[in-house]
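Q: Pasting a structure here, questions to come.
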Amino acid sequence: MNPFSKIKKIYSSDELLDIVFHRGSQLPLDVPRRVPPSIKAKKREVTRVKFISDNLVKYLIIMVKKFPNLDEIHPFYRELADVLVGVDRLKEILASLEGSARIIKKIANKKIRDIKFSENPKFAAKARIEAYARISSIIKKLEKRLNFLIEASKKLSRLPSIDTNEFTIVVAGYPNTGKSSFVRAVSSAKPEIAEYPFTTRNIVLGHFSYNNVRCQIIDTPGILDRPMRERNRIELQAITAIRHVANVVVFIIDPSLSCGYPIERQLELLKEIKETFPSLPVINVINKVDLMSSEDLEEVKKKIDKPIEMIAIQDTGVQEAIDTAMKAGKLQGELKYAKEVAL
Ligand SMILES: Nc1nc2c(ncn2[C@@H]2O[C@H](COP(=O)(O)OP(=O)(O)OP(=O)(O)O)[C@@H](O)[C@H]2O)c(=O)[nH]1
Ligand SMILES: [Mg+2]
């Protein structure tokens with residue numbers, strides 16, 4: 001599901017040259033005994049140049065091909081890749097690797113011709129050495145780019161694996177409000193833990209089925225649990241990438257104060273989340289109502305638009321929260337579809 005999970009090991013310039021030239025030095029260079037020595041020498045030089053160039057080209061192309069087509073990947077992943085490494089730079093570097101592979105092929109072909117037409121073994125050896133030097137210098141010139149790719153592949157392969165086709169609920173709210181308890185109440189299966197860039201904590205993916213449709217619910221500790229103004233631009237972009245996979249946001253409020261955040265601050269975060277995801281429906285859930293007097297609860301409810309009451313740890317109100325979220329998320333899907341048809 002993470003399109004970058006298949007990236008092959010990226011070799012540095014030195015590693016590439018070491019591997020290929022080392023193998024090249026162990027090539028069996030058997031030629032039939034009856035062949036005259038001058039032809040034998042030429043054949044050996046041709047075999048060497050061909051081996052070195054073919055293998056370097058092969059390595060370069062494999063490294064490039066294991067990257068997904070950056071124009072075709074899901075916008076969630078493209079946006080994260082852009083924040084992490086820069087998509088344009090990545091494209092440029094992959095293209096330059098392919099370009100270098102083509103040049104290596106050309107040089108090899110030219111030098112193989114030179115070897116074939118050389119007058120004696122000495123000239124043939126000279127042509128082979130020239131081929132090696134030119135090909136090596138091309139690989140050396142890729143040094144910075146390959147190093148960039150090594151770093152990029154480390155970052156990209158660690159992106160969370162999210163199924164971009166599944167209906168997705170994203171859970172937000174201040175720490176300790178009951179987000180994980182809600183996710184646990186909804187999804188019975190063992191949750192998957194995935195690293196999310198720019199947070200030291202992981203996101204948690206839970207799965208459940210609704211009317212026989214597989215859905216996922218994402219718990220976002222460290223991501224959607226504090227004011228946006230505390231984030232830098234890069235972090236904000238990583239956060240908003242979530243809009244590409246989310247169908248609906250469930251915002252959990254804990255007015256009992258047991259979470260440690262006053263209700264006003266929680267409502268400010270709710271407002272910010274709505275602004276951050278303007279195209280997504282946001283469902284407002286008041287959790288821990290078991291800890292509140294009915295008078296206090298009534299006061300809080302006045303401040304919140306269409307609140308759903310919940311006691312996550314007792315499985316109370318969880319079904320209503322999910323039903324509402326599914327309805328709101330689906331509706332958005334239908335509107336989107338209608339718009340596409342109108343176009
Ligand atoms: N009384 C009561 N306690 C609850 C309820 N829901 C959660 N809790 C408790 O509140 C605490 C925090 O719940 P979590 O689900 O871990 O909250 P969280 O939002 O995931 O917290 P972070 O992961 O730190 O952001 C836990 O001790 C839960 O047992 C509830 O409805 N009623
Ligand atoms: Mg949690």
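We label chains A, B, ... in the order they appear in the structure tokens, count residues from 1 in each chain, and number ligands from 1 in the order shown.
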Please extract the residues of region 50-215 of chain A with a backbone DSSP assignment of helix (DSSP H, G or I) and present them as a ChimeraX atom specification.

A: /A:50-65,75-84,87-116,121-141,143-157,179-186

Q: Using only C-alpha atoms, which residues sit within 9 Å of Asp315 (chain A) once same-chain residues fewer than 5 positions away are excluded, as a list in words?

A: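 Near neighbours after the sequence-gap exclusion: Phe182, Ala185, Val186 and Met310 of chain A.
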
Q: Using C-alpha atoms, can you export the residues from the last selection as a PDB file, in the first residue's frame?

A:
ATOM      1  CA  PHE A 182     -12.683   4.877  20.886  1.00  0.00           C
ATOM      2  CA  ALA A 185     -14.071   0.059  20.869  1.00  0.00           C
ATOM      3  CA  VAL A 186     -14.617   0.292  17.117  1.00  0.00           C
ATOM      4  CA  MET A 310     -20.077   8.724  24.459  1.00  0.00           C
TER       5      MET A 310
END

Q: Find the residues of chain A that sit at most 9 Å from ligand 1; for each, write down the nearest two atoms and how far apart they are in Å, to one decimal. Count only C-alpha atoms and all ligand atoms. Sort by chain, then by number going up, and give it as a tab-separated table.

A:
residue	atom	partner	partner_atom_place_in_ligand_line	distance
A:Ala172	CA	ligand 1	19 (O)	8.1
A:Gly173	CA	ligand 1	19 (O)	6.6
A:Tyr174	CA	ligand 1	25 (O)	6.2
A:Pro175	CA	ligand 1	25 (O)	3.2
A:Asn176	CA	ligand 1	21 (O)	3.3
A:Thr177	CA	ligand 1	19 (O)	4.1
A:Gly178	CA	ligand 1	15 (O)	3.3
A:Lys179	CA	ligand 1	19 (O)	3.7
A:Ser180	CA	ligand 1	20 (O)	3.6
A:Ser181	CA	ligand 1	15 (O)	3.6
A:Phe182	CA	ligand 1	15 (O)	6.4
A:Val183	CA	ligand 1	15 (O)	7.9
A:Arg184	CA	ligand 1	15 (O)	8.1
A:Asp219	CA	ligand 1	20 (O)	7.5
A:Thr220	CA	ligand 1	25 (O)	7.7
A:Pro221	CA	ligand 1	25 (O)	5.0
A:Gly222	CA	ligand 1	25 (O)	7.2
A:Asp225	CA	ligand 1	25 (O)	6.8
A:Ile252	CA	ligand 1	19 (O)	7.8
A:Asp254	CA	ligand 1	6 (N)	8.5
A:Ser256	CA	ligand 1	1 (N)	8.8
A:Ser258	CA	ligand 1	10 (O)	7.4
A:Cys259	CA	ligand 1	12 (C)	7.0
A:Ile286	CA	ligand 1	31 (O)	8.8
A:Asn287	CA	ligand 1	31 (O)	5.1
A:Lys288	CA	ligand 1	31 (O)	3.5
A:Val289	CA	ligand 1	31 (O)	6.4
A:Asp290	CA	ligand 1	32 (N)	5.8
A:Leu291	CA	ligand 1	1 (N)	5.7
A:Met310	CA	ligand 1	31 (O)	6.1
A:Ile311	CA	ligand 1	31 (O)	3.2
A:Ala312	CA	ligand 1	31 (O)	4.1
A:Ile313	CA	ligand 1	6 (N)	4.9
A:Gln314	CA	ligand 1	31 (O)	6.6
A:Asp315	CA	ligand 1	31 (O)	8.1
A:Thr316	CA	ligand 1	31 (O)	8.0

Q: Dump N, CA and C atoms for the selected residues as an mmCIF file, in the first residue's frame?

A:
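So the final result, stored in again-v4.cif, reads:
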data_model
loop_
_atom_site.group_PDB
_atom_site.id
_atom_site.type_symbol
_atom_site.label_atom_id
_atom_site.label_comp_id
_atom_site.auth_asym_id
_atom_site.auth_seq_id
_atom_site.Cartn_x
_atom_site.Cartn_y
_atom_site.Cartn_z
ATOM 1 N N ALA A 172 -9.364 12.698 15.955
ATOM 2 C CA ALA A 172 -8.571 13.819 16.443
ATOM 3 C C ALA A 172 -9.057 14.224 17.823
ATOM 4 N N GLY A 173 -8.270 15.026 18.496
ATOM 5 C CA GLY A 173 -8.639 15.494 19.832
ATOM 6 C C GLY A 173 -7.411 15.591 20.713
ATOM 7 N N TYR A 174 -7.511 16.397 21.782
ATOM 8 C CA TYR A 174 -6.378 16.578 22.695
ATOM 9 C C TYR A 174 -5.949 15.240 23.307
ATOM 10 N N PRO A 175 -4.722 15.161 23.805
ATOM 11 C CA PRO A 175 -4.269 13.920 24.445
ATOM 12 C C PRO A 175 -5.178 13.539 25.608
ATOM 13 N N ASN A 176 -5.317 12.244 25.812
ATOM 14 C CA ASN A 176 -6.020 11.736 26.993
ATOM 15 C C ASN A 176 -7.544 11.912 26.963
ATOM 16 N N THR A 177 -8.076 12.298 25.811
ATOM 17 C CA THR A 177 -9.525 12.525 25.742
ATOM 18 C C THR A 177 -10.282 11.220 25.501
ATOM 19 N N GLY A 178 -9.547 10.176 25.036
ATOM 20 C CA GLY A 178 -10.188 8.870 24.818
ATOM 21 C C GLY A 178 -10.143 8.419 23.366
ATOM 22 N N LYS A 179 -9.210 8.968 22.589
ATOM 23 C CA LYS A 179 -9.110 8.595 21.163
ATOM 24 C C LYS A 179 -8.809 7.103 21.004
ATOM 25 N N SER A 180 -7.798 6.650 21.737
ATOM 26 C CA SER A 180 -7.420 5.234 21.604
ATOM 27 C C SER A 180 -8.532 4.323 22.106
ATOM 28 N N SER A 181 -9.206 4.757 23.179
ATOM 29 C CA SER A 181 -10.304 3.937 23.708
ATOM 30 C C SER A 181 -11.401 3.807 22.650
ATOM 31 N N PHE A 182 -11.671 4.903 21.937
ATOM 32 C CA PHE A 182 -12.683 4.877 20.886
ATOM 33 C C PHE A 182 -12.254 3.935 19.755
ATOM 34 N N VAL A 183 -11.000 4.071 19.328
ATOM 35 C CA VAL A 183 -10.501 3.211 18.246
ATOM 36 C C VAL A 183 -10.574 1.744 18.658
ATOM 37 N N ARG A 184 -10.222 1.488 19.901
ATOM 38 C CA ARG A 184 -10.290 0.106 20.407
ATOM 39 C C ARG A 184 -11.729 -0.398 20.421
ATOM 40 N N ASP A 219 -5.883 6.410 14.448
ATOM 41 C CA ASP A 219 -5.631 7.130 15.698
ATOM 42 C C ASP A 219 -4.354 7.940 15.473
ATOM 43 N N THR A 220 -4.407 9.210 15.844
ATOM 44 C CA THR A 220 -3.313 10.100 15.443
ATOM 45 C C THR A 220 -2.596 10.779 16.610
ATOM 46 N N PRO A 221 -2.068 10.023 17.556
ATOM 47 C CA PRO A 221 -1.377 10.711 18.658
ATOM 48 C C PRO A 221 -0.217 11.549 18.119
ATOM 49 N N GLY A 222 -0.102 12.741 18.633
ATOM 50 C CA GLY A 222 1.009 13.584 18.198
ATOM 51 C C GLY A 222 0.778 14.301 16.883
ATOM 52 N N ASP A 225 -3.503 16.521 17.733
ATOM 53 C CA ASP A 225 -3.843 16.647 19.147
ATOM 54 C C ASP A 225 -3.294 17.915 19.801
ATOM 55 N N ILE A 252 -12.814 14.124 19.261
ATOM 56 C CA ILE A 252 -13.206 13.688 20.604
ATOM 57 C C ILE A 252 -12.929 14.791 21.620
ATOM 58 N N ASP A 254 -13.211 15.912 25.688
ATOM 59 C CA ASP A 254 -13.368 15.412 27.065
ATOM 60 C C ASP A 254 -13.627 16.609 27.964
ATOM 61 N N SER A 256 -14.788 16.550 30.919
ATOM 62 C CA SER A 256 -14.754 16.207 32.340
ATOM 63 C C SER A 256 -13.512 16.769 33.006
ATOM 64 N N SER A 258 -10.752 15.516 33.012
ATOM 65 C CA SER A 258 -9.802 14.490 33.441
ATOM 66 C C SER A 258 -8.639 14.385 32.459
ATOM 67 N N CYS A 259 -8.822 14.944 31.269
ATOM 68 C CA CYS A 259 -7.712 14.916 30.302
ATOM 69 C C CYS A 259 -6.699 16.016 30.602
ATOM 70 N N ILE A 286 -18.639 13.999 22.446
ATOM 71 C CA ILE A 286 -18.286 14.299 23.836
ATOM 72 C C ILE A 286 -18.073 12.969 24.543
ATOM 73 N N ASN A 287 -16.862 12.733 24.973
ATOM 74 C CA ASN A 287 -16.547 11.458 25.637
ATOM 75 C C ASN A 287 -16.520 11.648 27.157
ATOM 76 N N LYS A 288 -16.486 10.552 27.842
ATOM 77 C CA LYS A 288 -16.414 10.518 29.321
ATOM 78 C C LYS A 288 -17.619 11.189 29.962
ATOM 79 N N VAL A 289 -18.792 11.050 29.356
ATOM 80 C CA VAL A 289 -19.969 11.678 29.957
ATOM 81 C C VAL A 289 -20.317 11.032 31.294
ATOM 82 N N ASP A 290 -19.764 9.854 31.561
ATOM 83 C CA ASP A 290 -19.992 9.199 32.858
ATOM 84 C C ASP A 290 -19.364 9.984 34.010
ATOM 85 N N LEU A 291 -18.412 10.845 33.683
ATOM 86 C CA LEU A 291 -17.718 11.590 34.735
ATOM 87 C C LEU A 291 -18.360 12.960 34.973
ATOM 88 N N MET A 310 -20.729 10.045 24.512
ATOM 89 C CA MET A 310 -20.077 8.724 24.459
ATOM 90 C C MET A 310 -19.414 8.380 25.799
ATOM 91 N N ILE A 311 -19.386 7.090 26.082
ATOM 92 C CA ILE A 311 -18.510 6.577 27.148
ATOM 93 C C ILE A 311 -17.708 5.472 26.460
ATOM 94 N N ALA A 312 -16.562 5.845 25.932
ATOM 95 C CA ALA A 312 -15.819 4.915 25.067
ATOM 96 C C ALA A 312 -15.493 3.612 25.780
ATOM 97 N N ILE A 313 -15.142 3.721 27.055
ATOM 98 C CA ILE A 313 -14.711 2.502 27.759
ATOM 99 C C ILE A 313 -15.882 1.579 28.121
ATOM 100 N N GLN A 314 -17.090 2.093 27.944
ATOM 101 C CA GLN A 314 -18.256 1.230 28.219
ATOM 102 C C GLN A 314 -19.019 0.912 26.944
ATOM 103 N N ASP A 315 -18.453 1.324 25.822
ATOM 104 C CA ASP A 315 -19.073 1.055 24.536
ATOM 105 C C ASP A 315 -20.429 1.775 24.374
ATOM 106 N N THR A 316 -20.598 2.849 25.111
ATOM 107 C CA THR A 316 -21.856 3.601 25.022
ATOM 108 C C THR A 316 -21.679 4.763 24.043
#

Q: Excluding region 26-35 of chain A and residues on its chain fewer than 4 positions from it, collect all residues at most 9 Å away from it, counting only C-alpha atoms, and give them as number ranges by chain.

A: A: 21-22, 39-40, 43-44, 47-48, 51

Q: Go ahead and write the selection's residues with C-alpha atoms as a PDB file, in the first residue's frame.

A:
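Written file, result_23.pdb:
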ATOM      1  CA  PHE A  21      34.398  -4.229 -11.233  1.00  0.00           C
ATOM      2  CA  HIS A  22      35.016  -6.892  -8.619  1.00  0.00           C
ATOM      3  CA  ILE A  39      41.664 -12.400 -31.702  1.00  0.00           C
ATOM      4  CA  LYS A  40      41.640 -14.022 -28.268  1.00  0.00           C
ATOM      5  CA  LYS A  43      37.432 -11.146 -27.485  1.00  0.00           C
ATOM      6  CA  ARG A  44      38.498 -10.890 -23.858  1.00  0.00           C
ATOM      7  CA  THR A  47      33.700  -9.456 -22.892  1.00  0.00           C
ATOM      8  CA  ARG A  48      35.073  -7.286 -20.105  1.00  0.00           C
ATOM      9  CA  PHE A  51      30.120  -7.147 -18.689  1.00  0.00           C
TER      10      PHE A  51
END

Q: Could you check which of A:Gly260, A:Gly206, A:Lys105, A:Pro37 is closest to Thr168 (chain A), using only C-alpha atoms?

A: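 That would be A:Gly206, the residue with the smallest distance to Thr168 (chain A).
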
Q: Using the chain letters and numbers from this document, which residues of region 244-317 of chain A does DSSP assign to strand (DSSP E), as a list in words?

A: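 DSSP-assigned strand (DSSP E) residues in region 244-317 of chain A: Val248, Val249, Val250, Phe251, Ile252, Ile253, Val282, Ile283, Asn284, Val285, Ile286, Ile308 and Glu309 of chain A.
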
Q: For the residues in that selection, give me C-alpha atoms as a PDB file, in the first residue's frame.

A:
ATOM      1  CA  VAL A 248     -14.470  11.943   7.840  1.00  0.00           C
ATOM      2  CA  VAL A 249     -12.873  13.253  11.036  1.00  0.00           C
ATOM      3  CA  VAL A 250     -14.181  12.250  14.452  1.00  0.00           C
ATOM      4  CA  PHE A 251     -13.197  14.880  17.009  1.00  0.00           C
ATOM      5  CA  ILE A 252     -13.206  13.688  20.604  1.00  0.00           C
ATOM      6  CA  ILE A 253     -13.864  16.173  23.377  1.00  0.00           C
ATOM      7  CA  VAL A 282     -16.121  16.652  11.269  1.00  0.00           C
ATOM      8  CA  ILE A 283     -18.187  14.751  13.846  1.00  0.00           C
ATOM      9  CA  ASN A 284     -18.200  16.154  17.372  1.00  0.00           C
ATOM     10  CA  VAL A 285     -18.133  13.554  20.114  1.00  0.00           C
ATOM     11  CA  ILE A 286     -18.286  14.299  23.836  1.00  0.00           C
ATOM     12  CA  ILE A 308     -22.773  12.851  20.287  1.00  0.00           C
ATOM     13  CA  GLU A 309     -22.432  11.607  23.852  1.00  0.00           C
TER      14      GLU A 309
END

Q: Taking into account only C-alpha atoms, which residue in the set A:Lys271, A:Lys302, A:Asp296, A:Ser100 is nearest to Lys140 (chain A)?

A: A:Ser100

Q: Counting only C-alpha atoms, what is within 8 Å of region 77-79 of chain A, bar same-chain residues fewer than 6 positions away, as a PDB file with N, CA and C atoms, in the first residue's frame?

A:
ATOM      1  N   ASN A   2       1.988   1.209   0.695  1.00  0.00           N
ATOM      2  CA  ASN A   2       2.942   2.308   0.540  1.00  0.00           C
ATOM      3  C   ASN A   2       3.669   2.077  -0.778  1.00  0.00           C
ATOM      4  N   PRO A   3       3.461   2.967  -1.755  1.00  0.00           N
ATOM      5  CA  PRO A   3       4.054   2.721  -3.079  1.00  0.00           C
ATOM      6  C   PRO A   3       5.580   2.710  -3.069  1.00  0.00           C
ATOM      7  N   LEU A  70       5.815   8.668 -10.142  1.00  0.00           N
ATOM      8  CA  LEU A  70       5.419   9.699  -9.176  1.00  0.00           C
ATOM      9  C   LEU A  70       4.184  10.486  -9.610  1.00  0.00           C
ATOM     10  N   VAL A  87       9.361  16.057  -4.753  1.00  0.00           N
ATOM     11  CA  VAL A  87       9.029  15.171  -5.869  1.00  0.00           C
ATOM     12  C   VAL A  87       9.756  15.578  -7.157  1.00  0.00           C
ATOM     13  N   GLN A 237       2.069  20.621   6.273  1.00  0.00           N
ATOM     14  CA  GLN A 237       1.792  19.952   4.990  1.00  0.00           C
ATOM     15  C   GLN A 237       1.643  18.443   5.197  1.00  0.00           C
ATOM     16  N   ALA A 238       2.460  17.914   6.088  1.00  0.00           N
ATOM     17  CA  ALA A 238       2.360  16.473   6.377  1.00  0.00           C
ATOM     18  C   ALA A 238       1.018  16.157   7.015  1.00  0.00           C
ATOM     19  N   ALA A 241      -1.837  16.298   4.430  1.00  0.00           N
ATOM     20  CA  ALA A 241      -1.838  15.163   3.487  1.00  0.00           C
ATOM     21  C   ALA A 241      -2.913  14.155   3.881  1.00  0.00           C
TER      22      ALA A 241
END

Q: For CA of Ser38 (chain A) and CA of Pro121 (chain A), quote the distance in Å rounded to one decimal.

A: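 CA of Ser38 (chain A) sits 5.8 Å away from CA of Pro121 (chain A).
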
Q: For Phe167 (chain A), work out the shell of residues within 12 Å, counting only C-alpha atoms and skipping chain neighbours fewer than 3 positions away, then give it as JSON, numbers by chain.

A: {"A": [162, 163, 164, 170, 206, 207, 208, 209, 210, 211, 212, 213, 214, 215, 216, 217, 218, 244, 245, 246, 247, 248, 249, 322, 325, 326, 327, 328, 329, 330, 332, 333]}

Q: Using C-alpha atoms, can you write the selected residues to a file as a CSV table (one decimal), in the first residue's frame?

A:
chain,number,residue,atom,x,y,z
A,162,ILE,CA,-2.6,3.1,4.4
A,163,ASP,CA,-5.1,1.6,2.1
A,164,THR,CA,-6.1,4.6,0.1
A,170,VAL,CA,-9.5,9.9,11.2
A,206,GLY,CA,-7.6,-0.2,13.2
A,207,HIS,CA,-9.8,-2.0,10.8
A,208,PHE,CA,-13.5,-2.8,11.0
A,209,SER,CA,-16.3,-3.7,8.7
A,210,TYR,CA,-19.5,-1.7,8.2
A,211,ASN,CA,-22.3,-3.2,6.2
A,212,ASN,CA,-19.8,-5.7,4.9
A,213,VAL,CA,-17.4,-2.9,3.7
A,214,ARG,CA,-13.9,-2.9,5.0
A,215,CYS,CA,-13.1,0.4,6.7
A,216,GLN,CA,-10.1,1.8,8.6
A,217,ILE,CA,-9.8,4.1,11.5
A,218,ILE,CA,-6.7,6.1,12.2
A,244,HIS,CA,-6.4,12.8,0.8
A,245,VAL,CA,-7.2,9.6,2.7
A,246,ALA,CA,-9.8,10.7,5.2
A,247,ASN,CA,-13.5,10.5,4.5
A,248,VAL,CA,-14.5,11.9,7.8
A,249,VAL,CA,-12.9,13.3,11.0
A,322,ILE,CA,-19.7,5.5,13.9
A,325,ALA,CA,-19.4,9.4,10.8
A,326,MET,CA,-20.3,6.8,8.1
A,327,LYS,CA,-23.3,8.8,7.0
A,328,ALA,CA,-21.4,12.1,6.9
A,329,GLY,CA,-18.5,10.5,5.1
A,330,LYS,CA,-20.6,8.8,2.5
A,332,GLN,CA,-19.5,13.7,1.0
A,333,GLY,CA,-18.5,10.9,-1.4

Q: In Å to one decimal, how far is CA of Ala131 (chain A) from CA of Ala108 (chain A)?

A: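 These two atoms are separated by 6.4 Å.
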
Q: Just the number, please: distance in Å from CA of Pro68 (chain A) to CA of Ser136 (chain A), one decimal.

A: 27.4 Å
